[in-house]
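Shown next: run_4.txt, given as compact mmCIF, C-alpha atoms.
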# COMPACT_ATOMS: atom_id res chain seq x y z
CA MET A 8 6.21 -2.94 2.16
CA ARG A 9 8.84 -3.21 -0.54
CA PRO A 10 12.44 -3.65 0.71
CA ASP A 11 14.85 -0.74 0.46
CA THR A 12 17.95 -1.96 2.32
CA PRO A 13 21.17 -1.19 0.39
CA ALA A 14 22.72 -4.08 -1.51
CA GLU A 15 25.87 -4.01 0.61
CA ASN A 16 23.80 -5.00 3.68
CA VAL A 17 21.60 -7.72 2.13
CA ASP A 18 22.13 -10.42 -0.47
CA HIS A 19 19.19 -9.36 -2.58
CA ASN A 20 19.68 -12.10 -5.19
CA ALA A 21 19.58 -14.79 -2.50
CA GLU A 22 16.53 -13.21 -0.90
CA ALA A 23 14.75 -13.06 -4.27
CA ALA A 24 15.51 -16.75 -4.85
CA ARG A 25 14.17 -17.61 -1.38
CA LEU A 26 10.95 -15.72 -2.04
CA GLU A 27 10.49 -17.47 -5.39
CA ARG A 28 10.85 -20.85 -3.67
CA THR A 29 8.34 -19.80 -1.01
CA ALA A 30 5.89 -18.69 -3.72
CA GLY A 31 6.03 -22.21 -5.13
CA LEU A 32 5.04 -23.61 -1.73
CA TYR A 33 2.25 -21.10 -1.12
CA PRO A 34 0.57 -20.37 -4.48
CA GLU A 35 -2.23 -18.40 -2.79
CA ASP A 36 0.39 -15.84 -1.72
CA ALA A 37 2.48 -16.02 -4.89
CA GLU A 38 1.57 -12.54 -6.12
CA ALA A 39 2.76 -10.75 -2.97
CA LEU A 40 5.85 -12.96 -2.65
CA LEU A 41 6.95 -12.54 -6.28
CA LEU A 42 6.48 -8.77 -6.09
CA GLN A 43 8.82 -8.78 -3.09
CA ALA A 44 11.27 -10.94 -5.05
CA ALA A 45 11.16 -8.52 -7.99
CA ALA A 46 11.85 -5.60 -5.65
CA HIS A 47 14.95 -7.40 -4.34
CA LEU A 48 16.13 -7.98 -7.90
CA GLU A 49 15.69 -4.28 -8.67
CA LEU A 50 17.81 -3.43 -5.62
CA ALA A 51 20.43 -5.92 -6.81
CA ASP A 52 20.43 -3.97 -10.11
CA ASP A 53 19.22 -7.06 -11.98
CA ARG A 54 16.36 -5.20 -13.61
CA PRO A 55 15.88 -7.58 -16.56
CA ALA A 56 15.32 -10.43 -14.08
CA ALA A 57 12.78 -8.27 -12.22
CA THR A 58 10.93 -7.65 -15.49
CA THR A 59 10.87 -11.40 -16.07
CA LEU A 60 9.09 -11.85 -12.73
CA TYR A 61 6.58 -9.12 -13.56
CA ASP A 62 5.90 -10.79 -16.92
CA ARG A 63 5.53 -14.14 -15.17
CA LEU A 64 2.84 -12.69 -12.94
CA LEU A 65 1.02 -10.93 -15.78
CA SER A 66 0.97 -14.08 -17.92
CA SER A 67 -0.16 -16.32 -15.06
CA ASP A 68 -3.33 -18.35 -15.48
CA GLU A 69 -4.30 -17.40 -11.93
CA GLY A 70 -6.13 -14.10 -11.64
CA LEU A 71 -4.08 -11.35 -10.02
CA ASP A 72 -5.43 -9.34 -7.11
CA ASP A 73 -4.01 -6.13 -8.60
CA PRO A 74 -2.75 -6.49 -12.20
CA LEU A 75 -2.49 -2.71 -12.64
CA LEU A 76 -0.10 -2.53 -9.68
CA VAL A 77 2.11 -5.17 -11.33
CA ARG A 78 2.02 -3.23 -14.61
CA ALA A 79 2.95 -0.01 -12.83
CA LEU A 80 5.93 -1.65 -11.14
CA LYS A 81 7.00 -3.15 -14.45
CA ALA A 82 6.82 0.23 -16.18
CA SER A 83 8.86 1.92 -13.46
CA ASN A 84 11.47 -0.82 -13.66
CA LEU A 85 11.66 -0.80 -17.48
CA TRP A 86 12.32 2.94 -17.61
CA GLU A 87 15.26 2.53 -15.23
CA TYR A 88 17.22 0.42 -17.71
CA GLY A 89 16.48 2.14 -20.98
CA HIS A 90 13.07 0.88 -22.11
CA GLU A 91 11.45 4.30 -22.03
CA ALA A 92 9.02 3.82 -24.92
CA GLU A 93 7.56 0.62 -23.49
CA ALA A 94 7.36 2.17 -20.03
CA ARG A 95 5.49 5.21 -21.37
CA ALA A 96 3.03 2.98 -23.22
CA ILE A 97 2.28 1.02 -20.04
CA ILE A 98 1.89 4.23 -18.04
CA ASP A 99 -0.57 5.61 -20.59
CA GLY A 100 -2.54 2.37 -20.37
CA ILE A 101 -2.68 2.53 -16.58
CA ARG A 102 -3.91 6.12 -16.61
CA ALA A 103 -6.58 5.19 -19.15
CA ALA A 104 -7.67 2.23 -16.99
CA ALA A 105 -8.23 4.60 -14.04
CA PRO A 106 -7.43 2.16 -11.20
CA ARG A 107 -9.41 2.46 -7.98
CA ASP A 108 -6.31 1.72 -5.90
CA PRO A 109 -3.89 4.61 -5.20
CA ALA A 110 -0.71 2.50 -5.46
CA PRO A 111 -0.54 2.28 -9.32
CA TRP A 112 -1.18 6.03 -9.60
CA VAL A 113 1.63 6.82 -7.12
CA ILE A 114 4.12 4.46 -8.78
CA VAL A 115 3.65 5.75 -12.33
CA ALA A 116 3.55 9.39 -11.18
CA GLU A 117 6.80 8.94 -9.26
CA ALA A 118 8.36 7.24 -12.29
CA LEU A 119 7.50 10.29 -14.37
CA GLU A 120 8.79 12.58 -11.62
CA SER A 121 12.11 10.74 -11.30
CA HIS A 122 12.71 11.27 -15.03
CA ASP A 123 11.95 15.02 -14.82
CA GLU A 124 8.52 14.71 -16.44
CA LEU A 125 7.12 17.04 -13.79
CA GLU A 126 4.05 18.29 -15.69
CA ALA A 127 3.03 14.72 -16.54
CA ALA A 128 3.69 13.64 -12.94
CA GLN A 129 1.49 16.46 -11.63
CA ASP A 130 -1.28 15.51 -14.06
CA THR A 131 -1.06 11.87 -12.99
CA PHE A 132 -1.17 12.65 -9.28
CA THR A 133 -4.11 14.98 -9.93
CA GLU A 134 -6.02 12.40 -12.00
CA GLY A 135 -5.61 9.84 -9.22
CA ALA A 136 -6.66 12.30 -6.53
CA THR A 137 -9.68 13.45 -8.54
CA LEU A 138 -10.84 9.88 -9.06
CA LEU A 139 -10.23 8.55 -5.56
CA LEU A 140 -10.61 11.52 -3.22
CA THR A 141 -13.44 13.64 -4.64
CA ASP A 142 -16.32 13.73 -2.14
CA THR A 143 -14.27 11.66 0.33
CA PRO A 144 -14.50 13.29 3.78
CA GLU A 145 -11.29 11.66 5.10
CA PRO A 146 -8.62 10.47 2.63
CA PRO A 147 -7.74 6.80 3.29
CA TYR A 148 -4.26 6.18 4.67
CA ALA A 149 -2.98 4.64 1.43
CA ALA A 150 -4.29 7.53 -0.67
CA ARG A 151 -2.37 10.19 1.24
CA ALA A 152 0.72 9.42 -0.84
CA LEU A 153 -1.18 10.89 -3.81
CA LEU A 154 -1.59 14.20 -2.01
CA PHE A 155 1.98 14.28 -0.67
CA GLY A 156 3.46 13.42 -4.08
CA ARG A 157 1.28 15.99 -5.81
CA HIS A 158 2.34 18.63 -3.27
CA ARG A 159 6.03 17.80 -3.87
CA VAL A 160 5.79 18.04 -7.66
CA ARG A 161 3.79 21.26 -7.57
CA ARG A 162 6.40 22.84 -5.30
CA MET A 163 9.09 21.94 -7.84
CA LEU A 164 6.95 23.48 -10.58
CA GLY A 165 6.39 26.63 -8.52
CA ALA A 166 2.61 26.19 -8.62
CA PRO A 167 0.55 28.09 -6.03
CA HIS A 168 -1.19 26.15 -3.27
CA ASP A 169 -4.67 24.85 -3.97
CA ASP A 170 -7.19 23.07 -1.74
CA TRP A 171 -5.53 19.68 -2.08
CA ASP A 172 -2.12 21.12 -1.22
CA THR A 173 -3.70 22.59 1.90
CA LEU A 174 -5.23 19.21 2.74
CA ALA A 175 -1.83 17.56 2.29
CA ASP A 176 -0.35 20.07 4.74
CA THR A 177 -3.12 19.25 7.22
CA LEU A 178 -2.58 15.48 6.97
CA HIS A 179 1.20 15.75 7.28
CA SER A 180 2.07 15.08 10.92
CA SER A 181 5.80 15.89 10.98
CA SER A 182 7.18 18.83 12.92
CA VAL A 183 8.62 20.18 9.64
CA SER A 184 6.03 21.40 7.15
CA LEU A 185 5.62 19.90 3.70
CA ASP A 186 6.44 23.30 2.19
CA GLU A 187 9.85 23.17 3.84
CA LEU A 188 10.50 19.49 3.08
CA HIS A 189 9.51 19.96 -0.57
CA ASP A 190 11.25 23.31 -1.07
CA PRO A 191 13.15 22.99 -4.39
CA LYS A 192 15.55 25.77 -3.34
CA ARG A 193 16.44 24.06 -0.09
CA VAL A 194 20.21 24.24 0.50
CA TRP A 195 21.93 20.93 1.10
CA SER A 196 23.49 22.34 4.21
CA LEU A 197 25.37 19.22 5.25
CA GLY A 198 28.14 20.55 3.04
CA SER A 199 27.91 24.06 4.46
CA ASP A 200 30.31 25.74 6.88
CA ASN A 201 27.43 27.71 8.41
CA PRO A 202 26.38 26.07 11.74
CA ALA A 203 22.85 27.51 11.51
CA GLU A 204 22.30 26.01 8.06
CA LEU A 205 23.73 22.70 9.21
CA GLU A 206 21.47 22.58 12.27
CA ALA A 207 18.39 23.44 10.20
CA GLU A 208 19.13 20.71 7.68
CA ILE A 209 19.71 18.12 10.40
CA SER A 210 16.31 19.07 11.84
CA ARG A 211 14.65 18.53 8.45
CA LEU A 212 16.41 15.20 7.97
CA ARG A 213 15.26 14.02 11.40
CA ALA A 214 11.68 14.93 10.50
CA GLU A 215 11.90 13.01 7.22
CA LEU A 216 13.43 10.02 8.99
CA GLY A 217 10.68 10.09 11.60
CA ALA A 218 7.97 10.05 8.93
CA TYR A 219 9.77 7.23 7.14
CA ARG A 220 10.06 5.17 10.32
CA GLU A 221 6.37 5.74 11.03
CA ALA A 222 5.50 4.36 7.59
CA LEU A 223 7.79 1.37 8.07
CA SER A 224 6.22 0.63 11.45
CA ARG A 225 2.91 0.05 9.69
CA PRO A 226 3.89 -2.10 6.67
CA PHE A 227 0.44 -3.69 6.56
CA PRO A 228 -2.99 -2.55 7.75
CA VAL A 229 -4.55 -3.12 11.12
CA ALA A 230 -7.00 -5.70 9.82
CA VAL A 231 -10.33 -7.09 11.01
CA LEU A 232 -11.28 -10.64 10.08
CA HIS A 233 -14.29 -11.18 7.80
CA TRP A 234 -16.00 -14.52 7.17
CA PRO A 235 -18.33 -14.81 4.14
CA ALA A 236 -21.67 -16.45 5.01
CA ALA A 237 -20.80 -19.89 3.63
CA GLU A 238 -17.38 -19.93 5.31
CA LEU A 239 -18.84 -18.84 8.66
CA ALA A 240 -21.49 -21.56 8.48
CA GLU A 241 -18.79 -24.17 7.81
CA LEU A 242 -16.60 -22.76 10.59
CA LEU A 243 -19.41 -22.93 13.18
CA ALA A 244 -20.45 -26.41 12.06
CA SER A 245 -16.90 -27.63 12.64
CA TYR A 246 -16.18 -25.62 15.80
CA PRO A 247 -19.50 -24.86 17.56
CA THR A 248 -17.83 -23.15 20.52
CA LEU A 249 -16.99 -20.20 18.24
CA ALA A 250 -20.71 -19.35 18.18
CA THR A 251 -20.07 -17.17 21.24
CA GLU A 252 -17.81 -15.04 19.01
CA TYR A 253 -20.13 -15.19 15.99
CA PRO A 254 -23.81 -15.32 17.07
CA SER A 255 -24.95 -14.71 13.49
CA HIS A 256 -23.52 -13.62 10.17
CA GLU A 257 -25.45 -10.34 10.27
CA THR A 258 -24.07 -9.56 13.73
CA HIS A 259 -20.58 -10.46 12.50
CA LEU A 260 -20.80 -7.94 9.62
CA THR A 261 -22.14 -5.22 11.90
CA THR A 262 -19.34 -5.86 14.40
CA ILE A 263 -16.71 -5.49 11.66
CA GLU A 264 -18.00 -2.10 10.55
CA THR A 265 -18.43 -0.88 14.13
CA SER A 266 -14.93 -1.98 15.13
CA LEU A 267 -13.34 -0.26 12.16
CA ARG A 268 -15.23 2.97 12.79
CA GLU A 269 -14.16 2.94 16.44
CA LEU A 270 -10.53 2.36 15.45
CA SER A 271 -10.73 5.20 12.93
CA ALA A 272 -12.31 7.54 15.49
CA SER A 273 -9.50 6.75 17.94
CA GLY A 274 -6.95 7.96 15.38
CA THR A 275 -5.80 4.59 14.04
CA ALA A 276 -4.87 4.89 10.36
CA ASN A 277 -4.20 2.26 7.69
CA LEU A 278 -7.19 0.03 8.44
CA GLY A 279 -8.22 -3.00 6.43
CA ILE A 280 -10.31 -6.16 6.18
CA VAL A 281 -9.05 -9.68 5.54
CA THR A 282 -11.33 -12.48 4.38
CA GLY A 283 -10.87 -15.89 5.96
CA THR A 284 -11.50 -19.40 4.69
CA VAL A 285 -11.88 -22.50 6.83
CA PRO A 286 -9.07 -24.52 5.15
CA SER A 287 -6.67 -21.59 5.46
CA TYR A 288 -7.65 -21.06 9.10
CA GLU A 289 -7.20 -24.73 9.93
CA ALA A 290 -3.78 -24.74 8.29
CA PHE A 291 -2.82 -21.66 10.30
CA ALA A 292 -4.02 -23.30 13.53
CA ALA A 293 -1.95 -26.39 12.74
CA SER A 294 1.13 -24.25 12.14
CA GLU A 295 0.58 -22.67 15.55
CA ALA A 296 0.05 -26.09 17.20
CA SER A 297 -3.31 -24.84 18.40
CA SER A 298 -6.97 -25.76 18.02
CA PRO A 299 -9.10 -23.77 15.54
CA ALA A 300 -11.71 -23.56 18.30
CA GLU A 301 -9.45 -21.16 20.25
CA VAL A 302 -10.96 -17.68 20.07
CA SER A 303 -7.56 -16.10 20.78
CA LEU A 304 -6.28 -17.54 17.49
CA LEU A 305 -8.67 -15.45 15.36
CA PRO A 306 -6.86 -12.05 15.64
CA GLN A 307 -3.52 -13.78 15.05
CA TYR A 308 -4.94 -15.30 11.88
CA ALA A 309 -6.17 -11.87 10.75
CA THR A 310 -2.74 -10.32 11.35
CA THR A 311 -1.03 -13.13 9.42
CA LEU A 312 -3.34 -12.63 6.43
CA ALA A 313 -2.65 -8.88 6.50
CA ALA A 314 1.10 -9.50 6.64
CA ARG A 315 0.75 -11.68 3.54
CA GLY A 316 -0.81 -8.77 1.64
CA ARG A 317 -4.38 -10.11 1.79
CA ALA A 318 -5.95 -7.02 3.37
CA VAL A 319 -8.39 -4.76 1.52
CA ALA A 320 -8.26 -1.13 2.61
CA TRP A 321 -11.13 0.27 4.67
CA PRO A 322 -13.17 2.32 4.02
CA PRO A 323 -13.61 1.33 0.37
CA GLN A 324 -12.98 3.99 -2.25
CA THR A 325 -15.95 6.06 -3.44
CA GLY A 326 -18.06 4.19 -5.97
CA THR A 327 -16.70 0.73 -5.14
CA GLY A 328 -18.64 -2.24 -3.83
CA CYS A 329 -19.11 -2.87 -0.13
CA TRP A 330 -16.50 -5.03 1.57
CA CYS A 331 -19.19 -7.49 2.70
CA GLY A 332 -19.70 -8.80 -0.84
CA ALA A 333 -23.42 -8.04 -1.00
CA GLY A 334 -23.04 -6.50 -4.45
CA ARG A 335 -24.11 -3.01 -3.42
CA GLY A 336 -21.99 0.12 -3.15
CA TYR A 337 -20.40 0.74 0.23
CA GLY A 338 -22.36 3.99 0.66
CA GLU A 339 -25.63 2.11 0.17
CA CYS A 340 -24.64 -0.81 2.38
CA HIS A 341 -22.45 -0.80 5.50
CA GLY A 342 -21.21 2.71 4.79
CA ALA A 343 -24.71 4.14 5.10

If you convert what's in this file into structure tokens, what do you get?
Amino acid sequence: MRPDTPAENVDHNAEAARLERTAGLYPEDAEALLLQAAAHLELADDRPAATTLYDRLLSSDEGLDDPLLVRALKASNLWEYGHEAEARAIIDGIRAAAPRDPAPWVIVAEALESHDELEAAQDTFTEGATLLLTDTPEPPYAARALLFGRHRVRRMLGAPHDDWDTLADTLHSSSVSLDELHDPKRVWSLGSDNPAELEAEISRLRAELGAYREALSRPFPVAVLHWPAAELAELLASYPTLATEYPSHETHLTTIETSLRELSASGTANLGIVTGTVPSYEAFAASEASSPAEVSLLPQYATTLAARGRAVAWPPQTGTGCWCGAGRGYGECHGA
């Protein structure tokens, strides 16, 4: 979750510097940490410094988990301080690359929207939704922002509702409908002398604040821990007592899929999978002054990895490989 606290309440420059130092200590988490640092610099209105961090990531010798996300954030930032042509070129490149993650689509579409490029924003939201949500029975939690953003832009354009707008209305859980929240003719009644208008606007603002708080309460996915076959074999060789938790690798994979489906069926959104390694797990156990053989440490380790931005969303997007790493599509593997 990117920070959004006003500059008067946080020293964003100091926080960015702290995150950069931390990235130097934990290179495996450098991408997530430097993106947070860049966000703080944007909030401090030091946008050139934020661009420098984005460029540092993009030129890194280490492979990025999501280079298109970094490019999208860079484009949005560039446009905010006058580099429109470069920002547009990056946005065009991202749309052509057709990322399988909703975040780059949302960021570039919102950048277009914020600069009154409403037709282009609608097209971008629609391209992302078409790619990621076609033939998907239940839109993943992260992809819902595509539908909500598309609904908002289409309301501003005066476009009639279509099936995806209806789906956005269905997924929206606030007591105030999306049509009302996204109404372009909505009166800013906080400056009105009419008590009825004032009360109605306060009600809408409370609904928006509630949705925002709900999103903030889930800054990272509820994640299930996955061990690749080689890592699990090494883990059990070092800590045999964990065999009660992991009778076999096949059982482990089946348990992951079953657990996630049960969580989804119970109404839990924003689900993900984190992949563990033995050295990382041992380092985590040491930091907790605990033994890696402690079964109770495993969910804590999974939560820590998710908080560091290491989670992969579940279920995988249509057409992508299965989370287990078998090399087959999810629909042909554990999604079958």

May I have the residues within 7 Å of A:Ala30 as a short mmCIF file (atom, residue, chain, number, x, y, z; two decimals) with C-alpha atoms, in the frame of the given file, using all atoms listed in the file and disregarding those fewer than 6 positions away in the same chain?
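Written out: result04.cif:
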data_model
loop_
_atom_site.label_atom_id
_atom_site.label_comp_id
_atom_site.auth_asym_id
_atom_site.auth_seq_id
_atom_site.Cartn_x
_atom_site.Cartn_y
_atom_site.Cartn_z
CA ASP A 36 0.39 -15.84 -1.72
CA ALA A 37 2.48 -16.02 -4.89
CA LEU A 40 5.85 -12.96 -2.65
CA LEU A 41 6.95 -12.54 -6.28
#

Determine, counting all atoms listed in the file, which protein, DNA and RNA residues have an atom within 8 Å of an atom of A:Val285; residues of the same chain fewer than 6 positions away are not included. Present the result as a list in words.
Glu238, Glu241 and Leu242 of chain A

Write a file of the just-selected residues containing C-alpha atoms, as a PDB file, in the coordinates of the input.
ATOM      1  CA  GLU A 238     -17.380 -19.930   5.310  1.00  0.00           C
ATOM      2  CA  GLU A 241     -18.790 -24.170   7.810  1.00  0.00           C
ATOM      3  CA  LEU A 242     -16.600 -22.760  10.590  1.00  0.00           C
TER       4      LEU A 242
END

Tell me, as a compact mmCIF listing (two decimals) with C-alpha atoms, keeping the file's coordinate frame, which residues lie within 10 Å of A:Gly279, counting only C-alpha atoms; anything in the same chain fewer than 5 positions away does not count.
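So the final result, stored in around.txt, reads:
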# COMPACT_ATOMS: atom_id res chain seq x y z
CA PHE A 227 0.44 -3.69 6.56
CA PRO A 228 -2.99 -2.55 7.75
CA VAL A 229 -4.55 -3.12 11.12
CA ALA A 230 -7.00 -5.70 9.82
CA VAL A 231 -10.33 -7.09 11.01
CA LEU A 232 -11.28 -10.64 10.08
CA LEU A 267 -13.34 -0.26 12.16
CA ALA A 313 -2.65 -8.88 6.50
CA ARG A 317 -4.38 -10.11 1.79
CA ALA A 318 -5.95 -7.02 3.37
CA VAL A 319 -8.39 -4.76 1.52
CA ALA A 320 -8.26 -1.13 2.61
CA TRP A 321 -11.13 0.27 4.67
CA PRO A 322 -13.17 2.32 4.02
CA PRO A 323 -13.61 1.33 0.37
CA TRP A 330 -16.50 -5.03 1.57

Between atom CA of A:Gly274 and atom CA of A:Pro144, distance in Å (one decimal):
14.8 Å

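Proximity of A:Leu48, A:Thr282, A:His341, A:Pro111 to A:Arg268, computed with only C-alpha atoms, is greatest for A:His341.
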
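Atom pair atom CA of A:Pro247 / atom CA of A:Ser298 has a distance of 12.6 Å (rounded to one decimal).
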
Give as a ChimeraX atom specification each residue that has an atom at most 10 Å from (-2.9, 9.4, 3.2) in the file, counting only C-alpha atoms.
/A:109,145-155,175,178-179,276-277

Please build the interface table for stretch 56-118 of chain A against stretch 157-173 of chain A with a cut-off of 12 Å, listing for each qualifying residue the nearest atom pair and the distance in Å to one decimal; count all atoms listed in the file, order rows by chain and increasing number, and write it as CSV.
residue,atom,partner,partner_atom,distance
A:Trp112,CA,A:Arg157,CA,10.9
A:Val113,CA,A:Arg157,CA,9.3
A:Ala116,CA,A:Arg157,CA,8.8
A:Glu117,CA,A:Val160,CA,9.3

Protein, DNA and RNA residues within 9 Å of (11.9, -10.6, -10.1), all atoms listed in the file, as a compact mmCIF listing (two decimals) with C-alpha atoms, in the frame of the given file:
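Printed below is selection.txt as written:
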# COMPACT_ATOMS: atom_id res chain seq x y z
CA ALA A 23 14.75 -13.06 -4.27
CA ALA A 24 15.51 -16.75 -4.85
CA GLU A 27 10.49 -17.47 -5.39
CA LEU A 41 6.95 -12.54 -6.28
CA LEU A 42 6.48 -8.77 -6.09
CA GLN A 43 8.82 -8.78 -3.09
CA ALA A 44 11.27 -10.94 -5.05
CA ALA A 45 11.16 -8.52 -7.99
CA ALA A 46 11.85 -5.60 -5.65
CA HIS A 47 14.95 -7.40 -4.34
CA LEU A 48 16.13 -7.98 -7.90
CA GLU A 49 15.69 -4.28 -8.67
CA ASP A 53 19.22 -7.06 -11.98
CA ARG A 54 16.36 -5.20 -13.61
CA PRO A 55 15.88 -7.58 -16.56
CA ALA A 56 15.32 -10.43 -14.08
CA ALA A 57 12.78 -8.27 -12.22
CA THR A 58 10.93 -7.65 -15.49
CA THR A 59 10.87 -11.40 -16.07
CA LEU A 60 9.09 -11.85 -12.73
CA TYR A 61 6.58 -9.12 -13.56
CA ARG A 63 5.53 -14.14 -15.17

Test item: write stretch 24-48 of chain A with N, CA and C atoms as a CSV table (one decimal), in the first residue's frame:
chain,number,residue,atom,x,y,z
A,24,ALA,N,14.5,8.4,2.8
A,24,ALA,CA,15.9,8.1,3.1
A,24,ALA,C,16.0,6.8,3.9
A,25,ARG,N,15.1,6.6,4.9
A,25,ARG,CA,15.1,5.4,5.8
A,25,ARG,C,14.9,4.2,4.9
A,26,LEU,N,13.9,4.3,4.0
A,26,LEU,CA,13.6,3.1,3.2
A,26,LEU,C,14.7,2.8,2.2
A,27,GLU,N,15.4,3.8,1.7
A,27,GLU,CA,16.5,3.5,0.9
A,27,GLU,C,17.6,2.8,1.6
A,28,ARG,N,17.9,3.2,2.9
A,28,ARG,CA,18.9,2.5,3.7
A,28,ARG,C,18.5,1.1,3.9
A,29,THR,N,17.2,0.9,4.2
A,29,THR,CA,16.7,-0.5,4.5
A,29,THR,C,16.8,-1.4,3.2
A,30,ALA,N,16.6,-0.8,2.1
A,30,ALA,CA,16.7,-1.5,0.8
A,30,ALA,C,18.2,-2.0,0.6
A,31,GLY,N,19.1,-1.2,1.1
A,31,GLY,CA,20.5,-1.6,1.0
A,31,GLY,C,20.8,-2.8,1.9
A,32,LEU,N,20.1,-2.9,3.0
A,32,LEU,CA,20.3,-4.0,3.9
A,32,LEU,C,19.6,-5.3,3.5
A,33,TYR,N,18.5,-5.1,2.8
A,33,TYR,CA,17.6,-6.3,2.4
A,33,TYR,C,17.4,-6.2,0.9
A,34,PRO,N,18.5,-6.6,0.1
A,34,PRO,CA,18.3,-6.4,-1.4
A,34,PRO,C,17.2,-7.3,-2.0
A,35,GLU,N,16.8,-8.4,-1.3
A,35,GLU,CA,15.7,-9.2,-1.9
A,35,GLU,C,14.4,-8.4,-1.8
A,36,ASP,N,14.3,-7.4,-1.0
A,36,ASP,CA,13.1,-6.6,-0.8
A,36,ASP,C,13.2,-5.2,-1.4
A,37,ALA,N,14.3,-5.0,-2.1
A,37,ALA,CA,14.7,-3.6,-2.6
A,37,ALA,C,13.6,-3.0,-3.5
A,38,GLU,N,13.0,-3.8,-4.3
A,38,GLU,CA,12.0,-3.3,-5.2
A,38,GLU,C,10.8,-2.7,-4.5
A,39,ALA,N,10.2,-3.5,-3.6
A,39,ALA,CA,9.1,-3.0,-2.8
A,39,ALA,C,9.5,-1.8,-1.9
A,40,LEU,N,10.7,-1.8,-1.3
A,40,LEU,CA,11.1,-0.7,-0.4
A,40,LEU,C,11.4,0.6,-1.2
A,41,LEU,N,12.0,0.4,-2.4
A,41,LEU,CA,12.3,1.7,-3.2
A,41,LEU,C,11.0,2.2,-3.8
A,42,LEU,N,10.1,1.4,-4.1
A,42,LEU,CA,8.8,2.0,-4.6
A,42,LEU,C,8.1,2.7,-3.5
A,43,GLN,N,8.2,2.3,-2.3
A,43,GLN,CA,7.6,3.0,-1.1
A,43,GLN,C,8.4,4.3,-1.0
A,44,ALA,N,9.7,4.3,-1.1
A,44,ALA,CA,10.5,5.5,-1.0
A,44,ALA,C,10.1,6.5,-2.0
A,45,ALA,N,10.0,6.0,-3.3
A,45,ALA,CA,9.6,6.9,-4.4
A,45,ALA,C,8.2,7.6,-4.1
A,46,ALA,N,7.3,6.8,-3.5
A,46,ALA,CA,6.0,7.4,-3.2
A,46,ALA,C,6.1,8.5,-2.2
A,47,HIS,N,7.0,8.3,-1.2
A,47,HIS,CA,7.2,9.3,-0.2
A,47,HIS,C,7.8,10.6,-0.8
A,48,LEU,N,8.7,10.4,-1.8
A,48,LEU,CA,9.3,11.6,-2.4
A,48,LEU,C,8.2,12.3,-3.3
